[in-house]
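One file, start.txt, is given below (compact mmCIF, C-alpha atoms).
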```txt
# COMPACT_ATOMS: atom_id res chain seq x y z
CA MET Z 1 -21.31 -3.86 -19.16
CA GLU Z 2 -18.61 -1.44 -20.24
CA SER Z 3 -15.43 -1.81 -18.19
CA LEU Z 4 -13.96 1.13 -16.30
CA ASP Z 5 -10.89 1.12 -18.55
CA ALA Z 6 -13.00 1.06 -21.72
CA ARG Z 7 -15.15 3.91 -20.43
CA PHE Z 8 -12.05 5.94 -19.66
CA GLU Z 9 -10.48 5.34 -23.08
CA SER Z 10 -13.70 6.37 -24.78
CA ALA Z 11 -13.92 9.56 -22.70
CA LYS Z 12 -10.25 10.24 -23.32
CA ASN Z 13 -10.76 10.03 -27.08
CA GLU Z 14 -13.62 12.53 -26.90
CA TYR Z 15 -11.51 14.86 -24.78
CA GLN Z 16 -8.62 14.70 -27.26
CA LYS Z 17 -10.93 15.97 -29.99
CA LEU Z 18 -11.39 19.20 -28.02
CA LEU Z 19 -7.73 20.10 -28.18
CA PRO Z 20 -6.84 22.38 -31.14
CA ASP Z 21 -3.89 20.28 -32.29
CA LYS Z 22 -5.65 17.00 -31.41
CA THR Z 23 -2.81 15.95 -29.11
CA PHE Z 24 -3.55 14.68 -25.65
CA ALA Z 25 -1.25 16.20 -23.09
CA SER Z 26 0.03 13.15 -21.29
CA SER Z 27 3.54 14.53 -20.95
CA LYS Z 28 3.23 17.46 -18.61
CA ALA Z 29 0.24 18.57 -16.57
CA SER Z 30 1.17 22.22 -17.15
CA GLU Z 31 0.93 21.77 -20.91
CA VAL Z 32 -2.57 20.33 -20.53
CA ALA Z 33 -3.65 23.26 -18.41
CA GLY Z 34 -2.18 25.72 -20.93
CA LYS Z 35 -4.00 24.17 -23.88
CA ALA Z 36 -7.24 23.85 -21.95
CA LYS Z 37 -7.30 27.58 -21.19
CA LYS Z 38 -8.18 28.11 -24.84
CA ILE Z 39 -11.31 26.05 -24.27
CA GLY Z 40 -12.42 28.30 -21.44
CA LYS Z 41 -12.51 31.56 -23.39
CA SER Z 42 -15.99 31.36 -24.87
CA ALA Z 43 -14.87 28.21 -26.70
CA VAL Z 44 -13.24 30.25 -29.45
CA GLY Z 45 -11.22 28.11 -31.87
CA VAL Z 46 -12.32 24.75 -30.51
CA GLN Z 47 -13.54 22.88 -33.55
CA GLY Z 48 -15.61 25.85 -34.64
CA PHE Z 49 -17.90 25.99 -31.59
CA LYS Z 50 -18.50 29.60 -30.60
CA ASP Z 51 -21.63 29.73 -28.55
CA ARG Z 52 -22.94 28.68 -25.19
CA THR Z 53 -24.26 25.40 -26.56
CA ALA Z 54 -20.71 24.50 -27.53
CA ALA Z 55 -19.44 25.44 -24.07
CA LYS Z 56 -22.03 23.16 -22.50
CA HIS Z 57 -21.00 20.33 -24.83
CA ILE Z 58 -17.35 20.83 -23.94
CA ARG Z 59 -18.13 20.87 -20.25
CA GLU Z 60 -20.06 17.61 -20.56
CA ILE Z 61 -17.15 15.94 -22.35
CA CYS Z 62 -14.67 17.16 -19.74
CA THR Z 63 -16.93 16.06 -16.91
CA GLU Z 64 -17.28 12.57 -18.36
CA TYR Z 65 -13.52 12.44 -18.91
CA TYR Z 66 -12.83 13.29 -15.28
CA ASP Z 67 -15.64 11.09 -13.93
CA ALA Z 68 -14.32 8.12 -15.92
CA ALA Z 69 -10.81 8.73 -14.54
CA GLU Z 70 -12.18 9.01 -11.02
CA ALA Z 71 -14.03 5.70 -11.46
CA VAL Z 72 -10.80 3.98 -12.54
CA THR Z 73 -9.03 5.53 -9.54
CA GLU Z 74 -11.69 4.18 -7.19
CA GLY Z 75 -11.49 0.74 -8.79
CA LYS Z 76 -7.72 0.63 -8.32
CA ARG Z 77 -8.06 1.89 -4.75
CA GLN Z 78 -10.47 -0.93 -3.93
CA LYS Z 79 -8.21 -3.50 -5.58
CA LEU Z 80 -5.18 -2.28 -3.65
CA ASN Z 81 -7.17 -2.16 -0.42
CA PHE Z 82 -8.15 -5.80 -0.88
CA ALA Z 83 -4.57 -6.83 -1.69
CA LEU Z 84 -3.11 -5.03 1.34
CA THR Z 85 -5.78 -6.32 3.70
CA ASP Z 86 -5.38 -9.89 2.45
CA PHE Z 87 -1.59 -9.80 2.68
CA GLY Z 88 -1.60 -8.12 6.10
CA GLU Z 89 -3.91 -10.76 7.55
CA TYR Z 90 -1.92 -13.57 5.94
CA ARG Z 91 1.33 -12.11 7.25
CA LEU Z 92 -0.05 -11.99 10.80
CA ARG Z 93 -1.45 -15.53 10.64
CA ALA Z 94 1.77 -16.93 9.14
CA LEU Z 95 3.79 -15.40 11.96
CA ASN Z 96 1.32 -16.64 14.55
CA GLN Z 97 1.46 -20.19 13.13
CA THR Z 98 5.26 -20.39 13.08
CA VAL Z 99 6.95 -18.21 15.69
CA GLY Z 100 4.40 -19.01 18.41
CA PRO Z 101 4.66 -22.82 18.08
CA PHE Z 102 8.47 -22.60 17.94
CA LEU Z 103 8.56 -20.63 21.18
CA GLN Z 104 6.36 -23.30 22.78
CA ILE Z 105 8.78 -25.99 21.60
CA LEU Z 106 11.69 -24.06 23.13
CA GLU Z 107 9.84 -23.82 26.43
CA GLU Z 108 9.20 -27.57 26.46
CA LEU Z 109 12.85 -28.27 25.67
CA LYS Z 110 13.91 -25.96 28.47
CA GLN Z 111 11.68 -27.83 30.92
CA ASN Z 112 12.78 -31.30 29.77
CA THR Z 113 16.54 -30.80 29.54
CA SER Z 114 19.40 -29.51 31.66
CA ALA Z 115 20.38 -25.86 31.47
CA ASP Z 116 23.73 -26.70 29.87
CA GLU Z 117 22.16 -28.83 27.14
CA TYR Z 118 19.53 -26.19 26.45
CA GLU Z 119 22.07 -23.36 26.16
CA LYS Z 120 24.30 -25.49 23.95
CA LEU Z 121 21.37 -26.28 21.65
CA LEU Z 122 20.48 -22.63 21.25
CA GLY Z 123 24.09 -21.67 20.61
CA ALA Z 124 25.02 -18.20 19.43
CA GLU Z 125 22.09 -17.98 17.00
CA ILE Z 126 19.44 -17.53 19.69
CA ASN Z 127 20.04 -15.35 22.75
CA THR Z 128 17.77 -13.71 25.30
CA ARG Z 129 17.22 -10.66 23.12
CA THR Z 130 16.30 -12.80 20.12
CA LEU Z 131 13.76 -14.73 22.17
CA GLU Z 132 12.26 -11.51 23.53
CA GLU Z 133 11.90 -10.07 20.02
CA MET Z 134 10.23 -13.26 18.79
CA ALA Z 135 7.85 -13.29 21.75
CA HIS Z 136 6.99 -9.63 21.14
CA LEU Z 137 6.27 -10.27 17.45
CA ASP Z 138 4.08 -13.25 18.28
CA GLU Z 139 2.20 -11.21 20.89
CA MET Z 140 1.59 -8.35 18.46
CA ALA Z 141 0.39 -10.72 15.76
CA SER Z 142 -1.98 -12.47 18.15
CA GLU Z 143 -3.32 -9.16 19.44
CA ALA Z 144 -3.93 -7.81 15.93
CA LEU Z 145 -5.73 -11.00 14.90
CA ARG Z 146 -7.95 -10.84 17.99
CA LYS Z 147 -8.91 -7.25 17.25
CA THR Z 148 -9.92 -7.65 13.62
CA ALA Z 149 -12.47 -4.86 14.04
CA LEU Z 150 -9.66 -2.35 14.40
CA ALA Z 151 -9.65 -0.28 11.21
CA GLY Z 152 -6.42 -0.53 9.28
CA ALA Z 153 -4.80 -3.26 11.39
CA PHE Z 154 -4.27 -5.70 8.52
CA GLY Z 155 -3.26 -2.97 6.09
CA ALA Z 156 -0.78 -1.63 8.62
CA ALA Z 157 0.82 -5.04 8.99
CA ALA Z 158 1.30 -5.10 5.22
CA VAL Z 159 2.56 -1.55 4.69
CA LEU Z 160 4.48 -0.80 7.87
CA GLY Z 161 5.64 -4.21 9.03
CA ILE Z 162 4.36 -5.86 12.19
CA PRO Z 163 6.70 -4.11 14.69
CA LYS Z 164 5.38 -0.70 13.64
CA ILE Z 165 1.70 -1.41 14.22
CA VAL Z 166 0.40 1.29 16.54
CA THR Z 167 -2.87 0.05 18.03
CA GLY Z 168 -5.65 2.58 17.81
CA ALA Z 169 -3.69 5.16 15.79
CA LEU Z 170 -4.28 3.79 12.32
CA ALA Z 171 -7.97 4.52 12.09
CA THR Z 172 -7.28 8.19 12.74
CA ALA Z 173 -4.15 8.75 10.68
CA SER Z 174 -2.95 12.33 10.65
CA VAL Z 175 -4.56 13.41 7.40
CA GLU Z 176 -4.76 17.01 8.62
CA THR Z 177 -1.03 17.33 8.12
CA ALA Z 178 -0.05 19.35 5.07
CA LEU Z 179 0.75 17.16 2.07
CA ALA Z 180 4.20 18.68 1.68
CA SER Z 181 5.16 17.64 5.22
CA LEU Z 182 3.97 14.05 4.98
CA SER Z 183 6.82 11.56 5.09
CA GLY Z 184 7.68 8.24 6.66
CA SER Z 185 5.12 6.72 9.01
CA ALA Z 186 2.83 9.77 8.85
CA ALA Z 187 2.51 9.45 5.09
CA ASN Z 188 2.15 5.68 5.21
CA SER Z 189 -0.60 5.97 7.82
CA ALA Z 190 -2.41 8.57 5.74
CA ILE Z 191 -2.23 6.43 2.63
CA LEU Z 192 -3.70 3.56 4.65
CA THR Z 193 -6.58 5.80 5.62
CA TRP Z 194 -7.45 6.66 2.04
CA ILE Z 195 -6.78 3.26 0.46
CA GLY Z 196 -8.76 1.68 3.29
CA GLY Z 197 -11.79 3.76 2.35
CA GLY Z 198 -11.38 6.81 4.55
CA SER Z 199 -11.91 10.23 2.99
CA LEU Z 200 -9.23 12.88 2.83
CA ALA Z 201 -11.93 15.52 2.75
CA SER Z 202 -11.46 15.98 6.49
CA ILE Z 203 -8.16 17.74 5.80
CA GLY Z 204 -9.99 21.05 5.67
CA SER Z 205 -8.70 24.46 6.75
CA GLY Z 206 -6.83 24.90 3.50
CA ALA Z 207 -4.00 22.55 4.47
CA ILE Z 208 -4.29 20.78 1.14
CA THR Z 209 -6.32 22.14 -1.72
CA GLY Z 210 -7.03 20.84 -5.17
CA ALA Z 211 -4.42 23.25 -6.53
CA THR Z 212 -1.62 22.01 -4.26
CA ALA Z 213 -2.64 18.44 -5.02
CA LEU Z 214 -2.25 19.10 -8.74
CA ALA Z 215 1.19 20.57 -8.12
CA ALA Z 216 2.27 17.78 -5.79
CA ILE Z 217 2.22 14.97 -8.35
CA THR Z 218 5.38 15.36 -10.37
CA ALA Z 219 7.48 12.86 -12.27
CA GLY Z 220 9.82 12.65 -9.27
CA ALA Z 221 7.17 12.46 -6.56
CA THR Z 222 7.18 9.50 -4.20
CA MET Z 223 4.50 6.87 -4.50
CA VAL Z 224 2.87 7.97 -1.26
CA THR Z 225 2.75 11.64 -2.29
CA THR Z 226 1.39 10.71 -5.71
CA ILE Z 227 -1.39 8.53 -4.34
CA LEU Z 228 -2.30 10.89 -1.51
CA ALA Z 229 -2.50 13.85 -3.87
CA ALA Z 230 -4.75 11.81 -6.15
CA GLY Z 231 -6.94 11.07 -3.16
CA VAL Z 232 -7.15 14.78 -2.39
CA ILE Z 233 -8.11 15.56 -5.99
CA VAL Z 234 -10.91 13.02 -5.78
CA SER Z 235 -12.10 13.79 -2.25
CA VAL Z 236 -11.73 17.55 -2.00
CA HIS Z 237 -11.22 19.50 -5.18
CA TYR Z 238 -13.49 17.84 -7.70
CA GLY Z 239 -15.93 16.70 -5.06
CA LYS Z 240 -17.33 20.22 -5.38
CA LYS Z 241 -17.88 19.75 -9.13
CA LEU Z 242 -16.99 23.21 -10.40
CA THR Z 243 -19.71 24.65 -12.60
CA GLU Z 244 -17.84 27.36 -14.50
CA ALA Z 245 -16.59 25.76 -17.68
CA LYS Z 246 -13.49 27.95 -17.96
CA GLU Z 247 -12.29 26.82 -14.52
CA TYR Z 248 -13.25 23.19 -14.91
CA GLU Z 249 -11.83 22.76 -18.39
CA LYS Z 250 -8.45 24.33 -17.78
CA GLU Z 251 -7.69 21.93 -14.91
CA VAL Z 252 -9.41 18.68 -15.82
CA GLY Z 253 -6.64 17.57 -18.17
CA ALA Z 254 -3.97 18.19 -15.54
CA ALA Z 255 -6.04 16.40 -12.90
CA VAL Z 256 -6.57 13.31 -15.04
CA THR Z 257 -2.89 13.17 -15.99
CA ASN Z 258 -2.01 13.16 -12.30
CA LEU Z 259 -4.59 10.51 -11.53
CA GLU Z 260 -2.96 8.34 -14.19
CA ARG Z 261 0.36 8.70 -12.39
CA ALA Z 262 -1.34 7.55 -9.21
CA TRP Z 263 -2.63 4.49 -11.06
CA ASP Z 264 0.93 3.51 -11.93
CA ALA Z 265 1.94 3.92 -8.28
CA MET Z 266 -0.97 1.82 -7.02
CA ASP Z 267 -0.29 -0.86 -9.61
CA SER Z 268 3.36 -1.06 -8.51
CA ILE Z 269 2.37 -1.42 -4.87
CA SER Z 270 -0.14 -4.14 -5.80
CA VAL Z 271 2.56 -6.10 -7.63
CA ARG Z 272 5.04 -5.90 -4.73
CA THR Z 273 2.28 -6.84 -2.29
CA ALA Z 274 1.52 -9.97 -4.32
CA GLU Z 275 5.23 -10.83 -4.43
CA LEU Z 276 5.60 -10.45 -0.65
CA ARG Z 277 2.52 -12.54 -0.03
CA GLU Z 278 3.89 -15.31 -2.25
CA ALA Z 279 7.25 -15.20 -0.45
CA THR Z 280 5.51 -15.31 2.93
CA GLU Z 281 3.40 -18.27 1.83
CA ILE Z 282 6.44 -20.21 0.60
CA LEU Z 283 8.33 -19.62 3.83
CA LYS Z 284 5.30 -20.38 5.99
CA TRP Z 285 4.75 -23.81 4.46
CA GLU Z 286 8.44 -24.67 4.70
CA THR Z 287 8.52 -23.62 8.35
CA THR Z 288 5.32 -25.41 9.40
CA GLY Z 289 6.65 -28.56 7.75
CA MET Z 290 9.82 -28.34 9.84
CA LEU Z 291 7.81 -27.67 12.99
CA ASP Z 292 5.80 -30.83 12.30
CA GLN Z 293 9.07 -32.78 12.21
CA LEU Z 294 10.50 -31.16 15.32
CA GLY Z 295 7.39 -31.39 17.52
CA PRO Z 296 7.40 -35.17 18.12
CA LEU Z 297 11.10 -35.10 19.03
CA VAL Z 298 10.75 -32.68 21.92
CA VAL Z 299 9.70 -35.05 24.72
CA ASP Z 300 12.73 -37.33 24.33
CA PHE Z 301 15.05 -34.97 22.48
CA ASP Z 302 18.38 -36.71 21.91
CA PHE Z 303 21.24 -34.21 22.04
CA THR Z 304 23.63 -36.87 20.72
CA ASP Z 305 21.53 -37.55 17.60
CA SER Z 306 22.80 -35.49 14.69
CA ARG Z 307 19.43 -35.81 12.96
CA CYS Z 308 17.63 -34.20 15.91
CA ILE Z 309 20.15 -31.37 16.01
CA LEU Z 310 19.88 -30.85 12.24
CA ILE Z 311 16.07 -30.67 12.32
CA PHE Z 312 16.18 -28.21 15.22
CA ASN Z 313 18.72 -25.95 13.51
CA GLU Z 314 16.84 -25.93 10.20
CA CYS Z 315 13.59 -25.14 11.99
CA ARG Z 316 15.24 -22.41 14.06
CA ALA Z 317 16.72 -20.77 10.96
CA SER Z 318 13.40 -20.88 9.11
CA VAL Z 319 11.48 -19.39 12.05
CA GLN Z 320 14.03 -16.60 12.42
CA GLN Z 321 13.71 -15.85 8.70
CA MET Z 322 9.92 -15.70 9.09
CA ALA Z 323 10.29 -13.27 11.99
CA GLU Z 324 12.60 -11.04 9.96
CA LEU Z 325 10.28 -11.16 6.95
CA ALA Z 326 7.36 -10.03 9.10
CA LYS Z 327 9.27 -6.90 10.12
CA ILE Z 328 9.97 -5.75 6.58
CA PRO Z 329 7.85 -2.73 5.51
CA LEU Z 330 6.29 -2.55 2.08
CA LEU Z 331 7.09 1.17 1.82
CA ASP Z 332 10.24 2.96 2.97
CA ASN Z 333 10.47 6.22 4.91
CA ASN Z 334 10.48 8.18 1.65
CA GLY Z 335 7.15 6.72 0.58
CA ASN Z 336 8.45 4.40 -2.12
CA LEU Z 337 8.63 0.62 -2.35
CA SER Z 338 11.28 -0.50 0.12
CA ALA Z 339 14.53 -2.07 -1.03
CA GLU Z 340 14.21 -4.57 1.82
CA SER Z 341 10.94 -5.94 0.44
CA LYS Z 342 12.53 -6.49 -2.97
CA ALA Z 343 15.56 -8.21 -1.43
CA ALA Z 344 13.33 -10.44 0.71
CA VAL Z 345 11.27 -11.52 -2.27
CA ASP Z 346 14.38 -12.33 -4.31
CA SER Z 347 15.98 -14.34 -1.47
CA ILE Z 348 12.96 -16.57 -0.84
CA ARG Z 349 11.72 -17.20 -4.40
```

Structure rendered as C-alpha cells:
Amino acid sequence: MESLDARFESAKNEYQKLLPDKTFASSKASEVAGKAKKIGKSAVGVQGFKDRTAAKHIREICTEYYDAAEAVTEGKRQKLNFALTDFGEYRLRALNQTVGPFLQILEELKQNTSADEYEKLLGAEINTRTLEEMAHLDEMASEALRKTALAGAFGAAAVLGIPKIVTGALATASVETALASLSGSAANSAILTWIGGGSLASIGSGAITGATALAAITAGATMVTTILAAGVIVSVHYGKKLTEAKEYEKEVGAAVTNLERAWDAMDSISVRTAELREATEILKWETTGMLDQLGPLVVDFDFTDSRCILIFNECRASVQQMAELAKIPLLDNNGNLSAESKAAVDSIR
C-alpha cells in the first residue's frame, strides 16, 4: 500500500507540472497563489491546455494534491495525539507513584518520631507550603487518572502541565475565539481539541475563515497558530470542496504550503514530547528505587544513622524534582515549545 508521504510526493510532482515555469512555490504562499491564478483563467498557457477538458484535468490534479496533503496532516495529527496522550498518562502515573508514596512515608515518620526530630529531618528544604503543593499535585494526578473518560485530560497534562488541568473545560475548549486572539492557555486548549480529534468546524459565524487561516500561517507564526490554522483549513475551508476551478486552483498551492509548515510544527512537538517522556521515565525509576530503600527504614528510623539521613535526603530531592517536572508545560504562553521543557530534559538526561 502506498504510504501517505509517497502519495503526497507523487501528487506534488503532478502539481509542479502545472506551473508555467515548473517551479513549485514552497517559499511563499503568496507566490503560489499568484502563479496559480494563471491556471484559473480558462487554463490559458498551462502546458498548452485551452479547453474545458484541460480545466477538469487541472482541477483533478489540484484536488489530489490537496487531498494527499490533508491525508498527511491527519496522519501527523493522529501520531501527535497518541504521543501526547501517552506522555500525559505516563506523567500522571509517574507522579502518583512517587509523590504520593513519599507523602505517606512523611506521615508515618511524623507519627513515629518526636516533633523536633521530624522538623529537623525536613530541614529548610521541605516546609508547610512545599508539602501542601505536593499533596495538591498528587490529588490532581489521582483525580485525573480516576476520570480517564474525561476528554483531553491526558493531553492537558502533557501540554499544560499538571497544575493547569482544568477539569471539565478541556473537552469544550474555546474554539469559537478568533484565531488572531488565541494565545496562552486558550490557544493550548484549542490545539488540544483539534489534535485530540475534535473539529474546528464549530467555529462558525465567520470568526475564522479559510482565507484568514491561509494568512495566519507565516514564517514567524507560533506553533499553536500554525497548527490551529492548518486545522481550520482542513475542517472549514476545504471541507466544502470548492467546485470552481479558478477559485480552487489559485489557493490550493498556498493551502498545501501552509499545511507543510504545520507538519514541521507537529513534528517538533512530537520530538519534545518524546524527550520529556524519556526524562520523566528516567526520574521515575530513580525515585521509585529510592523509595524502596527508604520504606523499610521508616518504622525504626534512626536519626543518628548517617546512612538513613542520606537515603531520606536523596529520596526527598528526587521526589521534589519529580514534582517540579510534572508542573512544566510543553508549550509556553506564546504557543511555542517552552524553554523550561528543554532545560528539564537537558538536566535529567

Contact table segment 83-151 of chain Z vs segment 279-292 of chain Z, cut-off 7 Å, shortest pair per residue, all atoms listed in the file, as JSON lines:
```
{"residue": "Z:Arg91", "atom": "CA", "partner": "Z:Thr280", "partner_atom": "CA", "distance": 6.8}
{"residue": "Z:Ala94", "atom": "CA", "partner": "Z:Lys284", "partner_atom": "CA", "distance": 5.9}
{"residue": "Z:Thr98", "atom": "CA", "partner": "Z:Thr288", "partner_atom": "CA", "distance": 6.2}
```

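All protein, DNA and RNA residues at most 12 Å from (0.4, -11.9, 19.3) are Leu92, Arg93, Ala94, Leu95, Asn96, Gln97, Thr98, Val99, Gly100, Pro101, Glu133, Met134, Ala135, His136, Leu137, Asp138, Glu139, Met140, Ala141, Ser142, Glu143, Ala144, Leu145, Arg146, Lys147, Ile162, Pro163 and Ile165 of chain Z, using all atoms listed in the file.
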
Keeping C-alpha atoms, export the residues of the selection given above as a short mmCIF file (atom, residue, chain, number, x, y, z; two decimals), in the coordinates of the input.
```cif
data_model
loop_
_atom_site.label_atom_id
_atom_site.label_comp_id
_atom_site.auth_asym_id
_atom_site.auth_seq_id
_atom_site.Cartn_x
_atom_site.Cartn_y
_atom_site.Cartn_z
CA LEU Z 92 -0.05 -11.99 10.80
CA ARG Z 93 -1.45 -15.53 10.64
CA ALA Z 94 1.77 -16.93 9.14
CA LEU Z 95 3.79 -15.40 11.96
CA ASN Z 96 1.32 -16.64 14.55
CA GLN Z 97 1.46 -20.19 13.13
CA THR Z 98 5.26 -20.39 13.08
CA VAL Z 99 6.95 -18.21 15.69
CA GLY Z 100 4.40 -19.01 18.41
CA PRO Z 101 4.66 -22.82 18.08
CA GLU Z 133 11.90 -10.07 20.02
CA MET Z 134 10.23 -13.26 18.79
CA ALA Z 135 7.85 -13.29 21.75
CA HIS Z 136 6.99 -9.63 21.14
CA LEU Z 137 6.27 -10.27 17.45
CA ASP Z 138 4.08 -13.25 18.28
CA GLU Z 139 2.20 -11.21 20.89
CA MET Z 140 1.59 -8.35 18.46
CA ALA Z 141 0.39 -10.72 15.76
CA SER Z 142 -1.98 -12.47 18.15
CA GLU Z 143 -3.32 -9.16 19.44
CA ALA Z 144 -3.93 -7.81 15.93
CA LEU Z 145 -5.73 -11.00 14.90
CA ARG Z 146 -7.95 -10.84 17.99
CA LYS Z 147 -8.91 -7.25 17.25
CA ILE Z 162 4.36 -5.86 12.19
CA PRO Z 163 6.70 -4.11 14.69
CA ILE Z 165 1.70 -1.41 14.22
#
```

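Candidate residues Z:Glu324, Z:Asp264, Z:Asp5, Z:Glu117 were compared for distance to Phe301 of chain Z, and the nearest is Z:Glu117, using all atoms listed in the file.
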
task = Give me the residues within 8 Å of segment 118-131 of chain Z as a list in words, counting all atoms listed in the file and dropping any in the same chain fewer than 4 places off.
result = Leu103, Leu109, Lys110, Thr113, Ser114, Ala135, Phe303 and Ile309 of chain Z

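Here atom CA of Val345 of chain Z and atom CA of Leu80 of chain Z stand 18.9 Å from one another.
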
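Interatomic distance, atom CA of Thr226 of chain Z to atom CA of Lys17 of chain Z: 27.7 Å.
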
re atom CA of Ala265 of chain Z and atom CA of Phe87 of chain Z: distance 17.9 Å

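Closest approach to Glu9 of chain Z among Z:Val256, Z:Val159, Z:Leu106, Z:Ile58: Z:Val256, based on only C-alpha atoms.
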
Judged by all atoms listed in the file, the minimum distance to Ala262 of chain Z among Z:Ile328, Z:Ala339, Z:Ala69, Z:Val319 is found for Z:Ala69

Which centre and edge lengths in Å to one decimal define the box along x, y and z that fits every listed atom of segment 294-312 of chain Z plus 8 Å per side, as JSON?
```
{"center_x": 15.5, "center_y": -32.9, "center_z": 18.5, "size_x": 32.2, "size_y": 25.3, "size_z": 28.5}
```

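Each of Z:Leu297, Z:Cys315, Z:Ala344, Z:Val252 was compared to Lys327 of chain Z using all atoms listed in the file, and Z:Ala344 turns out to be the nearest.
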